[in-house]
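Structure below is my_file-v2.pdb: PDB, C-alpha atoms.
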```
MODEL        1
ATOM      1  CA  MET A   1     101.321   9.307  44.837  1.00  0.00           C
ATOM      2  CA  ILE A   2     100.564  12.465  42.863  1.00  0.00           C
ATOM      3  CA  PHE A   3     100.145  12.643  39.091  1.00  0.00           C
ATOM      4  CA  THR A   4     100.239  15.872  37.100  1.00  0.00           C
ATOM      5  CA  ASP A   5      98.220  16.454  33.941  1.00  0.00           C
ATOM      6  CA  THR A   6     100.140  19.241  32.215  1.00  0.00           C
ATOM      7  CA  HIS A   7      97.527  19.805  29.504  1.00  0.00           C
ATOM      8  CA  THR A   8      93.768  19.488  29.972  1.00  0.00           C
ATOM      9  CA  HIS A   9      90.939  21.579  28.485  1.00  0.00           C
ATOM     10  CA  LEU A  10      88.570  21.179  31.420  1.00  0.00           C
ATOM     11  CA  TYR A  11      86.525  24.235  30.437  1.00  0.00           C
ATOM     12  CA  SER A  12      85.632  22.852  26.999  1.00  0.00           C
ATOM     13  CA  GLU A  13      82.078  22.218  25.843  1.00  0.00           C
ATOM     14  CA  GLU A  14      82.576  18.464  26.181  1.00  0.00           C
ATOM     15  CA  PHE A  15      82.699  18.851  29.976  1.00  0.00           C
ATOM     16  CA  GLN A  16      79.851  21.315  30.405  1.00  0.00           C
ATOM     17  CA  GLN A  17      77.468  18.743  31.862  1.00  0.00           C
ATOM     18  CA  ASP A  18      79.817  16.939  34.256  1.00  0.00           C
ATOM     19  CA  SER A  19      83.018  18.920  34.814  1.00  0.00           C
ATOM     20  CA  ASP A  20      82.794  18.566  38.599  1.00  0.00           C
ATOM     21  CA  VAL A  21      82.441  14.802  38.324  1.00  0.00           C
ATOM     22  CA  VAL A  22      85.365  14.620  35.882  1.00  0.00           C
ATOM     23  CA  ILE A  23      87.625  16.739  38.087  1.00  0.00           C
ATOM     24  CA  GLN A  24      86.726  14.794  41.218  1.00  0.00           C
ATOM     25  CA  ARG A  25      87.410  11.539  39.376  1.00  0.00           C
ATOM     26  CA  ALA A  26      90.865  12.853  38.476  1.00  0.00           C
ATOM     27  CA  ILE A  27      91.604  13.945  42.037  1.00  0.00           C
ATOM     28  CA  ASP A  28      90.428  10.575  43.389  1.00  0.00           C
ATOM     29  CA  ALA A  29      92.783   8.864  40.931  1.00  0.00           C
ATOM     30  CA  GLY A  30      95.708  10.908  42.262  1.00  0.00           C
ATOM     31  CA  VAL A  31      95.789  13.413  39.406  1.00  0.00           C
ATOM     32  CA  LYS A  32      95.793  16.419  41.696  1.00  0.00           C
ATOM     33  CA  ARG A  33      97.639  18.996  39.600  1.00  0.00           C
ATOM     34  CA  LEU A  34      95.762  20.091  36.481  1.00  0.00           C
ATOM     35  CA  PHE A  35      97.328  22.601  34.089  1.00  0.00           C
ATOM     36  CA  VAL A  36      94.790  24.252  31.806  1.00  0.00           C
ATOM     37  CA  PRO A  37      95.890  25.908  28.533  1.00  0.00           C
ATOM     38  CA  SER A  38      94.070  28.786  26.880  1.00  0.00           C
ATOM     39  CA  ILE A  39      92.611  28.723  23.363  1.00  0.00           C
ATOM     40  CA  ASP A  40      91.420  32.286  22.871  1.00  0.00           C
ATOM     41  CA  SER A  41      89.702  35.117  24.745  1.00  0.00           C
ATOM     42  CA  THR A  42      86.226  33.589  24.473  1.00  0.00           C
ATOM     43  CA  TYR A  43      87.216  30.965  27.052  1.00  0.00           C
ATOM     44  CA  THR A  44      88.887  33.243  29.587  1.00  0.00           C
ATOM     45  CA  LYS A  45      85.875  33.548  31.902  1.00  0.00           C
ATOM     46  CA  GLN A  46      85.297  29.776  31.979  1.00  0.00           C
ATOM     47  CA  MET A  47      88.955  29.293  32.866  1.00  0.00           C
ATOM     48  CA  TYR A  48      88.800  31.793  35.718  1.00  0.00           C
ATOM     49  CA  ASP A  49      85.598  30.215  37.036  1.00  0.00           C
ATOM     50  CA  LEU A  50      87.255  26.787  37.005  1.00  0.00           C
ATOM     51  CA  GLU A  51      90.301  28.071  38.864  1.00  0.00           C
ATOM     52  CA  ALA A  52      88.123  29.791  41.468  1.00  0.00           C
ATOM     53  CA  LYS A  53      86.302  26.532  42.137  1.00  0.00           C
ATOM     54  CA  TYR A  54      89.453  24.388  42.373  1.00  0.00           C
ATOM     55  CA  PRO A  55      92.247  26.743  43.471  1.00  0.00           C
ATOM     56  CA  GLU A  56      94.372  23.913  44.902  1.00  0.00           C
ATOM     57  CA  ASN A  57      94.234  21.810  41.750  1.00  0.00           C
ATOM     58  CA  VAL A  58      93.758  23.986  38.654  1.00  0.00           C
ATOM     59  CA  PHE A  59      96.562  26.144  37.245  1.00  0.00           C
ATOM     60  CA  LEU A  60      95.929  28.353  34.249  1.00  0.00           C
ATOM     61  CA  MET A  61      97.952  29.253  31.181  1.00  0.00           C
ATOM     62  CA  MET A  62      97.294  32.247  28.936  1.00  0.00           C
ATOM     63  CA  GLY A  63      97.808  32.227  25.180  1.00  0.00           C
ATOM     64  CA  LEU A  64      96.365  32.029  21.673  1.00  0.00           C
ATOM     65  CA  HIS A  65      96.065  28.579  20.098  1.00  0.00           C
ATOM     66  CA  PRO A  66      97.491  28.590  16.544  1.00  0.00           C
ATOM     67  CA  THR A  67      94.287  27.329  14.927  1.00  0.00           C
ATOM     68  CA  TYR A  68      92.526  30.344  16.462  1.00  0.00           C
ATOM     69  CA  VAL A  69      94.902  32.785  14.803  1.00  0.00           C
ATOM     70  CA  LYS A  70      92.400  34.650  12.619  1.00  0.00           C
ATOM     71  CA  ASP A  71      92.157  38.146  11.152  1.00  0.00           C
ATOM     72  CA  ASN A  72      91.723  39.541  14.673  1.00  0.00           C
ATOM     73  CA  TYR A  73      94.788  37.814  16.117  1.00  0.00           C
ATOM     74  CA  GLU A  74      96.415  41.098  17.119  1.00  0.00           C
ATOM     75  CA  GLU A  75      93.361  41.868  19.260  1.00  0.00           C
ATOM     76  CA  GLU A  76      93.741  38.445  20.834  1.00  0.00           C
ATOM     77  CA  ILE A  77      97.414  39.120  21.589  1.00  0.00           C
ATOM     78  CA  ALA A  78      96.383  42.432  23.181  1.00  0.00           C
ATOM     79  CA  HIS A  79      93.929  40.508  25.388  1.00  0.00           C
ATOM     80  CA  ILE A  80      96.755  38.201  26.469  1.00  0.00           C
ATOM     81  CA  GLU A  81      98.959  41.160  27.341  1.00  0.00           C
ATOM     82  CA  THR A  82      96.153  42.717  29.393  1.00  0.00           C
ATOM     83  CA  GLU A  83      95.584  39.518  31.369  1.00  0.00           C
ATOM     84  CA  LEU A  84      99.303  38.965  31.953  1.00  0.00           C
ATOM     85  CA  ALA A  85      99.565  42.462  33.406  1.00  0.00           C
ATOM     86  CA  LYS A  86      96.696  41.778  35.828  1.00  0.00           C
ATOM     87  CA  ARG A  87      97.620  38.443  37.417  1.00  0.00           C
ATOM     88  CA  LYS A  88      99.932  35.433  37.465  1.00  0.00           C
ATOM     89  CA  PHE A  89      99.743  32.422  35.183  1.00  0.00           C
ATOM     90  CA  ALA A  90     101.510  29.086  35.149  1.00  0.00           C
ATOM     91  CA  ALA A  91     102.636  29.421  31.524  1.00  0.00           C
ATOM     92  CA  ILE A  92     102.035  30.942  28.114  1.00  0.00           C
ATOM     93  CA  GLY A  93     100.057  28.432  26.105  1.00  0.00           C
ATOM     94  CA  GLU A  94      99.025  26.801  24.136  1.00  0.00           C
ATOM     95  CA  ILE A  95     100.960  28.480  21.376  1.00  0.00           C
ATOM     96  CA  GLY A  96     102.709  27.327  18.227  1.00  0.00           C
ATOM     97  CA  ILE A  97     101.987  26.454  14.614  1.00  0.00           C
ATOM     98  CA  ASP A  98      99.340  24.159  13.107  1.00  0.00           C
ATOM     99  CA  LEU A  99      99.380  23.496   9.354  1.00  0.00           C
ATOM    100  CA  TYR A 100      96.997  20.527   9.468  1.00  0.00           C
ATOM    101  CA  TRP A 101      93.777  22.526   9.137  1.00  0.00           C
ATOM    102  CA  ASP A 102      94.944  25.663   7.367  1.00  0.00           C
ATOM    103  CA  LYS A 103      98.198  26.463   5.595  1.00  0.00           C
ATOM    104  CA  THR A 104      97.165  29.958   4.501  1.00  0.00           C
ATOM    105  CA  ARG A 105      97.875  31.688   7.828  1.00  0.00           C
ATOM    106  CA  LEU A 106     101.433  30.493   8.387  1.00  0.00           C
ATOM    107  CA  GLU A 107     102.848  34.020   8.510  1.00  0.00           C
ATOM    108  CA  GLN A 108     100.280  35.146  11.085  1.00  0.00           C
ATOM    109  CA  GLN A 109     100.824  31.999  13.148  1.00  0.00           C
ATOM    110  CA  GLN A 110     104.594  32.565  13.113  1.00  0.00           C
ATOM    111  CA  HIS A 111     104.144  36.167  14.216  1.00  0.00           C
ATOM    112  CA  ALA A 112     101.748  35.216  17.019  1.00  0.00           C
ATOM    113  CA  PHE A 113     104.062  32.407  18.146  1.00  0.00           C
ATOM    114  CA  LYS A 114     107.144  34.644  18.310  1.00  0.00           C
ATOM    115  CA  HIS A 115     105.257  37.440  20.051  1.00  0.00           C
ATOM    116  CA  GLN A 116     103.972  35.076  22.728  1.00  0.00           C
ATOM    117  CA  ILE A 117     107.405  33.542  23.298  1.00  0.00           C
ATOM    118  CA  GLN A 118     108.678  37.059  23.884  1.00  0.00           C
ATOM    119  CA  LEU A 119     105.870  37.651  26.387  1.00  0.00           C
ATOM    120  CA  ALA A 120     106.907  34.454  28.170  1.00  0.00           C
ATOM    121  CA  LYS A 121     110.444  35.764  28.425  1.00  0.00           C
ATOM    122  CA  LYS A 122     109.185  39.134  29.702  1.00  0.00           C
ATOM    123  CA  TYR A 123     107.187  37.485  32.481  1.00  0.00           C
ATOM    124  CA  ASN A 124     109.686  34.665  33.090  1.00  0.00           C
ATOM    125  CA  LEU A 125     107.120  32.006  32.225  1.00  0.00           C
ATOM    126  CA  PRO A 126     107.418  28.648  30.477  1.00  0.00           C
ATOM    127  CA  ILE A 127     105.710  28.075  27.139  1.00  0.00           C
ATOM    128  CA  ASN A 128     103.401  25.243  26.094  1.00  0.00           C
ATOM    129  CA  ILE A 129     103.849  24.452  22.409  1.00  0.00           C
ATOM    130  CA  HIS A 130     101.259  23.103  19.992  1.00  0.00           C
ATOM    131  CA  CYS A 131     102.742  21.635  16.803  1.00  0.00           C
ATOM    132  CA  ARG A 132     100.850  19.809  14.092  1.00  0.00           C
ATOM    133  CA  ASP A 133     102.332  19.142  10.657  1.00  0.00           C
ATOM    134  CA  ALA A 134     104.775  21.946  11.425  1.00  0.00           C
ATOM    135  CA  PHE A 135     107.937  20.666  13.094  1.00  0.00           C
ATOM    136  CA  ASP A 136     110.273  22.548  10.752  1.00  0.00           C
ATOM    137  CA  GLU A 137     108.298  25.766  11.136  1.00  0.00           C
ATOM    138  CA  VAL A 138     108.144  25.486  14.934  1.00  0.00           C
ATOM    139  CA  PHE A 139     111.850  24.721  15.186  1.00  0.00           C
ATOM    140  CA  GLU A 140     112.632  27.712  12.973  1.00  0.00           C
ATOM    141  CA  VAL A 141     110.882  30.038  15.423  1.00  0.00           C
ATOM    142  CA  LEU A 142     112.451  28.336  18.442  1.00  0.00           C
ATOM    143  CA  GLU A 143     115.892  28.709  16.882  1.00  0.00           C
ATOM    144  CA  SER A 144     115.322  32.448  16.528  1.00  0.00           C
ATOM    145  CA  GLU A 145     114.185  32.734  20.158  1.00  0.00           C
ATOM    146  CA  LYS A 146     116.470  30.216  21.867  1.00  0.00           C
ATOM    147  CA  GLY A 147     118.262  31.110  25.085  1.00  0.00           C
ATOM    148  CA  GLU A 148     118.435  30.280  28.768  1.00  0.00           C
ATOM    149  CA  GLU A 149     115.130  32.003  29.435  1.00  0.00           C
ATOM    150  CA  LEU A 150     113.300  29.841  26.869  1.00  0.00           C
ATOM    151  CA  HIS A 151     111.789  26.783  28.535  1.00  0.00           C
ATOM    152  CA  GLY A 152     108.567  24.826  28.708  1.00  0.00           C
ATOM    153  CA  ILE A 153     106.740  21.839  27.250  1.00  0.00           C
ATOM    154  CA  PHE A 154     106.459  20.507  23.714  1.00  0.00           C
ATOM    155  CA  HIS A 155     102.819  19.481  24.089  1.00  0.00           C
ATOM    156  CA  CYS A 156     101.518  16.215  22.593  1.00  0.00           C
ATOM    157  CA  PHE A 157     104.901  15.246  21.195  1.00  0.00           C
ATOM    158  CA  THR A 158     104.471  12.877  18.236  1.00  0.00           C
ATOM    159  CA  GLY A 159     107.727  13.353  16.361  1.00  0.00           C
ATOM    160  CA  SER A 160     110.795  11.216  15.722  1.00  0.00           C
ATOM    161  CA  PHE A 161     113.694  10.507  18.055  1.00  0.00           C
ATOM    162  CA  GLU A 162     115.737  13.160  16.267  1.00  0.00           C
ATOM    163  CA  GLN A 163     112.945  15.713  16.627  1.00  0.00           C
ATOM    164  CA  ALA A 164     112.626  14.815  20.305  1.00  0.00           C
ATOM    165  CA  GLN A 165     116.321  15.513  20.816  1.00  0.00           C
ATOM    166  CA  LYS A 166     115.987  18.830  19.005  1.00  0.00           C
ATOM    167  CA  ALA A 167     113.014  19.878  21.152  1.00  0.00           C
ATOM    168  CA  ILE A 168     114.923  18.975  24.303  1.00  0.00           C
ATOM    169  CA  SER A 169     117.875  21.054  23.077  1.00  0.00           C
ATOM    170  CA  TYR A 170     115.627  24.127  23.370  1.00  0.00           C
ATOM    171  CA  ASN A 171     115.097  23.388  27.069  1.00  0.00           C
ATOM    172  CA  LEU A 172     111.694  21.812  26.513  1.00  0.00           C
ATOM    173  CA  LYS A 173     110.170  18.775  28.174  1.00  0.00           C
ATOM    174  CA  LEU A 174     108.156  16.380  26.026  1.00  0.00           C
ATOM    175  CA  GLY A 175     104.449  16.208  26.847  1.00  0.00           C
ATOM    176  CA  ILE A 176     103.443  12.548  26.539  1.00  0.00           C
ATOM    177  CA  GLY A 177      99.808  11.497  26.455  1.00  0.00           C
ATOM    178  CA  GLY A 178      97.461   8.959  24.914  1.00  0.00           C
ATOM    179  CA  VAL A 179      99.422   8.658  21.655  1.00  0.00           C
ATOM    180  CA  ALA A 180     102.041   6.643  23.550  1.00  0.00           C
ATOM    181  CA  THR A 181      99.423   3.911  24.028  1.00  0.00           C
ATOM    182  CA  PHE A 182      98.411   3.725  20.348  1.00  0.00           C
ATOM    183  CA  LYS A 183      99.640   0.792  18.244  1.00  0.00           C
ATOM    184  CA  ASN A 184     100.621   3.232  15.496  1.00  0.00           C
ATOM    185  CA  GLY A 185     101.787   5.970  17.874  1.00  0.00           C
ATOM    186  CA  LYS A 186     105.484   5.211  17.137  1.00  0.00           C
ATOM    187  CA  ILE A 187     106.896   7.280  20.010  1.00  0.00           C
ATOM    188  CA  ASP A 188     106.756   4.249  22.340  1.00  0.00           C
ATOM    189  CA  LYS A 189     109.466   2.673  20.158  1.00  0.00           C
ATOM    190  CA  PHE A 190     112.144   5.168  21.252  1.00  0.00           C
ATOM    191  CA  LEU A 191     110.909   6.860  24.422  1.00  0.00           C
ATOM    192  CA  ASN A 192     113.088   4.675  26.639  1.00  0.00           C
ATOM    193  CA  GLU A 193     116.078   6.292  24.904  1.00  0.00           C
ATOM    194  CA  ILE A 194     114.924   9.671  26.249  1.00  0.00           C
ATOM    195  CA  ASP A 195     115.907  10.338  29.840  1.00  0.00           C
ATOM    196  CA  LEU A 196     112.815  10.472  32.053  1.00  0.00           C
ATOM    197  CA  SER A 197     113.929  13.888  33.304  1.00  0.00           C
ATOM    198  CA  ASN A 198     112.724  15.216  29.922  1.00  0.00           C
ATOM    199  CA  ILE A 199     109.200  13.774  30.137  1.00  0.00           C
ATOM    200  CA  VAL A 200     105.925  15.086  31.580  1.00  0.00           C
ATOM    201  CA  LEU A 201     102.452  13.550  31.477  1.00  0.00           C
ATOM    202  CA  GLU A 202      99.395  15.053  29.830  1.00  0.00           C
ATOM    203  CA  THR A 203      96.000  14.086  28.460  1.00  0.00           C
ATOM    204  CA  ASP A 204      94.955  16.926  26.113  1.00  0.00           C
ATOM    205  CA  SER A 205      91.464  16.011  27.261  1.00  0.00           C
ATOM    206  CA  PRO A 206      88.861  15.832  25.854  1.00  0.00           C
ATOM    207  CA  TYR A 207      91.034  14.758  22.895  1.00  0.00           C
ATOM    208  CA  LEU A 208      93.347  11.797  22.209  1.00  0.00           C
ATOM    209  CA  ALA A 209      92.095   9.394  24.872  1.00  0.00           C
ATOM    210  CA  PRO A 210      94.521   6.551  25.595  1.00  0.00           C
ATOM    211  CA  VAL A 211      93.800   2.874  24.992  1.00  0.00           C
ATOM    212  CA  PRO A 212      91.341   1.363  25.956  1.00  0.00           C
ATOM    213  CA  TYR A 213      89.294   4.571  25.549  1.00  0.00           C
ATOM    214  CA  ARG A 214      90.706   5.619  22.184  1.00  0.00           C
ATOM    215  CA  GLY A 215      88.068   7.421  20.134  1.00  0.00           C
ATOM    216  CA  LYS A 216      86.063   8.390  23.204  1.00  0.00           C
ATOM    217  CA  ARG A 217      86.175  11.514  25.360  1.00  0.00           C
ATOM    218  CA  ASN A 218      89.463  11.852  27.171  1.00  0.00           C
ATOM    219  CA  GLU A 219      89.685  13.090  30.759  1.00  0.00           C
ATOM    220  CA  SER A 220      92.388  13.907  33.280  1.00  0.00           C
ATOM    221  CA  SER A 221      91.955  10.723  35.322  1.00  0.00           C
ATOM    222  CA  TYR A 222      93.365   8.865  32.311  1.00  0.00           C
ATOM    223  CA  THR A 223      96.763  10.400  33.082  1.00  0.00           C
ATOM    224  CA  VAL A 224      97.221   7.260  35.171  1.00  0.00           C
ATOM    225  CA  LEU A 225      96.865   5.096  32.047  1.00  0.00           C
ATOM    226  CA  VAL A 226      99.616   7.087  30.333  1.00  0.00           C
ATOM    227  CA  ALA A 227     101.807   6.626  33.416  1.00  0.00           C
ATOM    228  CA  GLU A 228     101.162   2.882  33.312  1.00  0.00           C
ATOM    229  CA  LYS A 229     102.294   2.771  29.688  1.00  0.00           C
ATOM    230  CA  LEU A 230     105.452   4.724  30.515  1.00  0.00           C
ATOM    231  CA  ALA A 231     106.118   2.362  33.423  1.00  0.00           C
ATOM    232  CA  THR A 232     106.198  -0.472  30.887  1.00  0.00           C
ATOM    233  CA  ILE A 233     108.364   1.475  28.451  1.00  0.00           C
ATOM    234  CA  TYR A 234     110.881   2.525  31.100  1.00  0.00           C
ATOM    235  CA  ASN A 235     110.673  -0.708  33.104  1.00  0.00           C
ATOM    236  CA  MET A 236     109.826   1.263  36.237  1.00  0.00           C
ATOM    237  CA  SER A 237     106.948   1.324  38.690  1.00  0.00           C
ATOM    238  CA  VAL A 238     103.965   3.613  38.170  1.00  0.00           C
ATOM    239  CA  GLU A 239     104.906   5.289  41.459  1.00  0.00           C
ATOM    240  CA  GLU A 240     108.347   6.111  40.103  1.00  0.00           C
ATOM    241  CA  ILE A 241     106.860   7.508  36.883  1.00  0.00           C
ATOM    242  CA  ALA A 242     104.387   9.651  38.849  1.00  0.00           C
ATOM    243  CA  ALA A 243     107.081  11.002  41.153  1.00  0.00           C
ATOM    244  CA  ALA A 244     109.597  11.754  38.394  1.00  0.00           C
ATOM    245  CA  THR A 245     107.188  13.397  35.975  1.00  0.00           C
ATOM    246  CA  THR A 246     105.545  15.495  38.693  1.00  0.00           C
ATOM    247  CA  GLU A 247     108.985  16.627  39.846  1.00  0.00           C
ATOM    248  CA  ASN A 248     109.746  17.602  36.256  1.00  0.00           C
ATOM    249  CA  THR A 249     106.657  19.827  36.211  1.00  0.00           C
ATOM    250  CA  LYS A 250     107.864  21.594  39.339  1.00  0.00           C
ATOM    251  CA  THR A 251     111.071  22.414  37.477  1.00  0.00           C
ATOM    252  CA  ILE A 252     109.110  23.852  34.571  1.00  0.00           C
ATOM    253  CA  PHE A 253     106.436  25.797  36.391  1.00  0.00           C
ATOM    254  CA  GLY A 254     108.462  26.755  39.447  1.00  0.00           C
ATOM    255  CA  PHE A 255     105.993  25.406  42.009  1.00  0.00           C
TER     256      PHE A 255
ENDMDL
END
```
So that I can check it, write out the structure of this file as structure tokens.
Amino acid sequence: MIFTDTHTHLYSEEFQQDSDVVIQRAIDAGVKRLFVPSIDSTYTKQMYDLEAKYPENVFLMMGLHPTYVKDNYEEEIAHIETELAKRKFAAIGEIGIDLYWDKTRLEQQQHAFKHQIQLAKKYNLPINIHCRDAFDEVFEVLESEKGEELHGIFHCFTGSFEQAQKAISYNLKLGIGGVATFKNGKIDKFLNEIDLSNIVLETDSPYLAPVPYRGKRNESSYTVLVAEKLATIYNMSVEEIAAATTENTKTIFGF
């Protein structure tokens, strides 16, 4: 039984002291495929070092996180283009729009988002979308870029049933993590109305740990807890959830 964590920040400061232990714990739990999104250029070396150490388990994305879209964002986009020209990545991500922390850079975030979607199309890669307090704005960009070549994951999906259907209409899978286990998470109320072929597992570790670890550091081994919750929601076995969601990731990433 193999689980896939489609979104884990294993290079982050929170794992500096015990990343090897955390990764081994995930592998021992059956979480053997770990997809690692980029934040900005300052983390590129740590990502490459992680991949070199775990080449069979760690798969890297390249992108600029929307909350890191600053005055130098065009330099960051240039860095992404340079790295894409040098080697292969699993996806472009995480990219998108975040209006929770800062609403003043919406125009720059939109520009960076569109540019990176176009890079994904150029390199025939999926995208990994970050969206916080910005569903309308994200959907507006996706509408302008929609097409057969647009595909990927709507990371940490926390929207409504209608928003889920809209995301799926853009050829995106829904990334489901710890929020599905929260009492106030809401998405557990309608997920069983979404075909499992549209769902992938994620942790977003070290953030958004599932119950019973809510409020503590998240880690990739907790993907199993998310799968257990989905097994309850879909009235299926954990093995069936693991198999289906991992198969869905193969469709997205092409391997």
key: Between atom CA of Gly215 of chain A and atom CA of Ala244 of chain A - distance in Å to one decimal   =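 Between these atoms lies a distance of 28.6 Å.
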request  = Counting all atoms listed in the file, figure out which residue out of A:Tyr73, A:Tyr170, A:Phe161, A:Tyr207 gets nearest to His9 of chain A.
outcome  =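 Closest residue, counting all atoms listed in the file: A:Tyr207.
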ask   = segment 171-174 of chain A: which residues within 12 Å, counting all atoms listed in the file, same-chain residues fewer than 3 positions away excluded, as a ChimeraX atom specification?
value = /A:6-7,126-131,139,142-143,145-161,163-168,177,180,187,191,194-202,245-253
What would the file look like if the residues just selected were written as a PDB file, keeping the file's coordinate frame with C-alpha atoms?
```pdb
ATOM      1  CA  THR A   6     100.140  19.241  32.215  1.00  0.00           C
ATOM      2  CA  HIS A   7      97.527  19.805  29.504  1.00  0.00           C
ATOM      3  CA  PRO A 126     107.418  28.648  30.477  1.00  0.00           C
ATOM      4  CA  ILE A 127     105.710  28.075  27.139  1.00  0.00           C
ATOM      5  CA  ASN A 128     103.401  25.243  26.094  1.00  0.00           C
ATOM      6  CA  ILE A 129     103.849  24.452  22.409  1.00  0.00           C
ATOM      7  CA  HIS A 130     101.259  23.103  19.992  1.00  0.00           C
ATOM      8  CA  CYS A 131     102.742  21.635  16.803  1.00  0.00           C
ATOM      9  CA  PHE A 139     111.850  24.721  15.186  1.00  0.00           C
ATOM     10  CA  LEU A 142     112.451  28.336  18.442  1.00  0.00           C
ATOM     11  CA  GLU A 143     115.892  28.709  16.882  1.00  0.00           C
ATOM     12  CA  GLU A 145     114.185  32.734  20.158  1.00  0.00           C
ATOM     13  CA  LYS A 146     116.470  30.216  21.867  1.00  0.00           C
ATOM     14  CA  GLY A 147     118.262  31.110  25.085  1.00  0.00           C
ATOM     15  CA  GLU A 148     118.435  30.280  28.768  1.00  0.00           C
ATOM     16  CA  GLU A 149     115.130  32.003  29.435  1.00  0.00           C
ATOM     17  CA  LEU A 150     113.300  29.841  26.869  1.00  0.00           C
ATOM     18  CA  HIS A 151     111.789  26.783  28.535  1.00  0.00           C
ATOM     19  CA  GLY A 152     108.567  24.826  28.708  1.00  0.00           C
ATOM     20  CA  ILE A 153     106.740  21.839  27.250  1.00  0.00           C
ATOM     21  CA  PHE A 154     106.459  20.507  23.714  1.00  0.00           C
ATOM     22  CA  HIS A 155     102.819  19.481  24.089  1.00  0.00           C
ATOM     23  CA  CYS A 156     101.518  16.215  22.593  1.00  0.00           C
ATOM     24  CA  PHE A 157     104.901  15.246  21.195  1.00  0.00           C
ATOM     25  CA  THR A 158     104.471  12.877  18.236  1.00  0.00           C
ATOM     26  CA  GLY A 159     107.727  13.353  16.361  1.00  0.00           C
ATOM     27  CA  SER A 160     110.795  11.216  15.722  1.00  0.00           C
ATOM     28  CA  PHE A 161     113.694  10.507  18.055  1.00  0.00           C
ATOM     29  CA  GLN A 163     112.945  15.713  16.627  1.00  0.00           C
ATOM     30  CA  ALA A 164     112.626  14.815  20.305  1.00  0.00           C
ATOM     31  CA  GLN A 165     116.321  15.513  20.816  1.00  0.00           C
ATOM     32  CA  LYS A 166     115.987  18.830  19.005  1.00  0.00           C
ATOM     33  CA  ALA A 167     113.014  19.878  21.152  1.00  0.00           C
ATOM     34  CA  ILE A 168     114.923  18.975  24.303  1.00  0.00           C
ATOM     35  CA  GLY A 177      99.808  11.497  26.455  1.00  0.00           C
ATOM     36  CA  ALA A 180     102.041   6.643  23.550  1.00  0.00           C
ATOM     37  CA  ILE A 187     106.896   7.280  20.010  1.00  0.00           C
ATOM     38  CA  LEU A 191     110.909   6.860  24.422  1.00  0.00           C
ATOM     39  CA  ILE A 194     114.924   9.671  26.249  1.00  0.00           C
ATOM     40  CA  ASP A 195     115.907  10.338  29.840  1.00  0.00           C
ATOM     41  CA  LEU A 196     112.815  10.472  32.053  1.00  0.00           C
ATOM     42  CA  SER A 197     113.929  13.888  33.304  1.00  0.00           C
ATOM     43  CA  ASN A 198     112.724  15.216  29.922  1.00  0.00           C
ATOM     44  CA  ILE A 199     109.200  13.774  30.137  1.00  0.00           C
ATOM     45  CA  VAL A 200     105.925  15.086  31.580  1.00  0.00           C
ATOM     46  CA  LEU A 201     102.452  13.550  31.477  1.00  0.00           C
ATOM     47  CA  GLU A 202      99.395  15.053  29.830  1.00  0.00           C
ATOM     48  CA  THR A 245     107.188  13.397  35.975  1.00  0.00           C
ATOM     49  CA  THR A 246     105.545  15.495  38.693  1.00  0.00           C
ATOM     50  CA  GLU A 247     108.985  16.627  39.846  1.00  0.00           C
ATOM     51  CA  ASN A 248     109.746  17.602  36.256  1.00  0.00           C
ATOM     52  CA  THR A 249     106.657  19.827  36.211  1.00  0.00           C
ATOM     53  CA  LYS A 250     107.864  21.594  39.339  1.00  0.00           C
ATOM     54  CA  THR A 251     111.071  22.414  37.477  1.00  0.00           C
ATOM     55  CA  ILE A 252     109.110  23.852  34.571  1.00  0.00           C
ATOM     56  CA  PHE A 253     106.436  25.797  36.391  1.00  0.00           C
TER      57      PHE A 253
END
```
inquiry  = Which residues would end up in the selection if the PyMOL selection byres ((chain A and resi 81) around 12) were applied here, given that I need the answer as a PyMOL selection string?
reply    = chain A and resi 41+62-64+74-80+82-89+92+115-116+118-120+122-123
key: Nearest residue to Leu125 of chain A from the set A:Leu60, A:Val179, A:Val211, A:Leu99 (distances using all atoms listed in the file)   = A:Leu60
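Shortest separation to Ile95 of chain A among A:Asn184, A:Ser12, A:Ser38, A:Asn57 occurs at residue A:Ser38, atoms counted being all atoms listed in the file.
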Once the PyMOL selection byres ((chain A and resi 209) around 12) has been evaluated on this model, what residues remain selected, and can you format them as a CSV table (one decimal) with C-alpha atoms, keeping the file's coordinate frame?
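Once written, expr03.csv looks like this:
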```csv
chain,number,residue,atom,x,y,z
A,8,THR,CA,93.8,19.5,30.0
A,156,CYS,CA,101.5,16.2,22.6
A,176,ILE,CA,103.4,12.5,26.5
A,177,GLY,CA,99.8,11.5,26.5
A,178,GLY,CA,97.5,9.0,24.9
A,179,VAL,CA,99.4,8.7,21.7
A,180,ALA,CA,102.0,6.6,23.6
A,181,THR,CA,99.4,3.9,24.0
A,182,PHE,CA,98.4,3.7,20.3
A,202,GLU,CA,99.4,15.1,29.8
A,203,THR,CA,96.0,14.1,28.5
A,204,ASP,CA,95.0,16.9,26.1
A,205,SER,CA,91.5,16.0,27.3
A,206,PRO,CA,88.9,15.8,25.9
A,207,TYR,CA,91.0,14.8,22.9
A,208,LEU,CA,93.3,11.8,22.2
A,210,PRO,CA,94.5,6.6,25.6
A,211,VAL,CA,93.8,2.9,25.0
A,212,PRO,CA,91.3,1.4,26.0
A,213,TYR,CA,89.3,4.6,25.5
A,214,ARG,CA,90.7,5.6,22.2
A,215,GLY,CA,88.1,7.4,20.1
A,216,LYS,CA,86.1,8.4,23.2
A,217,ARG,CA,86.2,11.5,25.4
A,218,ASN,CA,89.5,11.9,27.2
A,219,GLU,CA,89.7,13.1,30.8
A,220,SER,CA,92.4,13.9,33.3
A,221,SER,CA,92.0,10.7,35.3
A,222,TYR,CA,93.4,8.9,32.3
A,223,THR,CA,96.8,10.4,33.1
A,224,VAL,CA,97.2,7.3,35.2
A,225,LEU,CA,96.9,5.1,32.0
A,226,VAL,CA,99.6,7.1,30.3
```
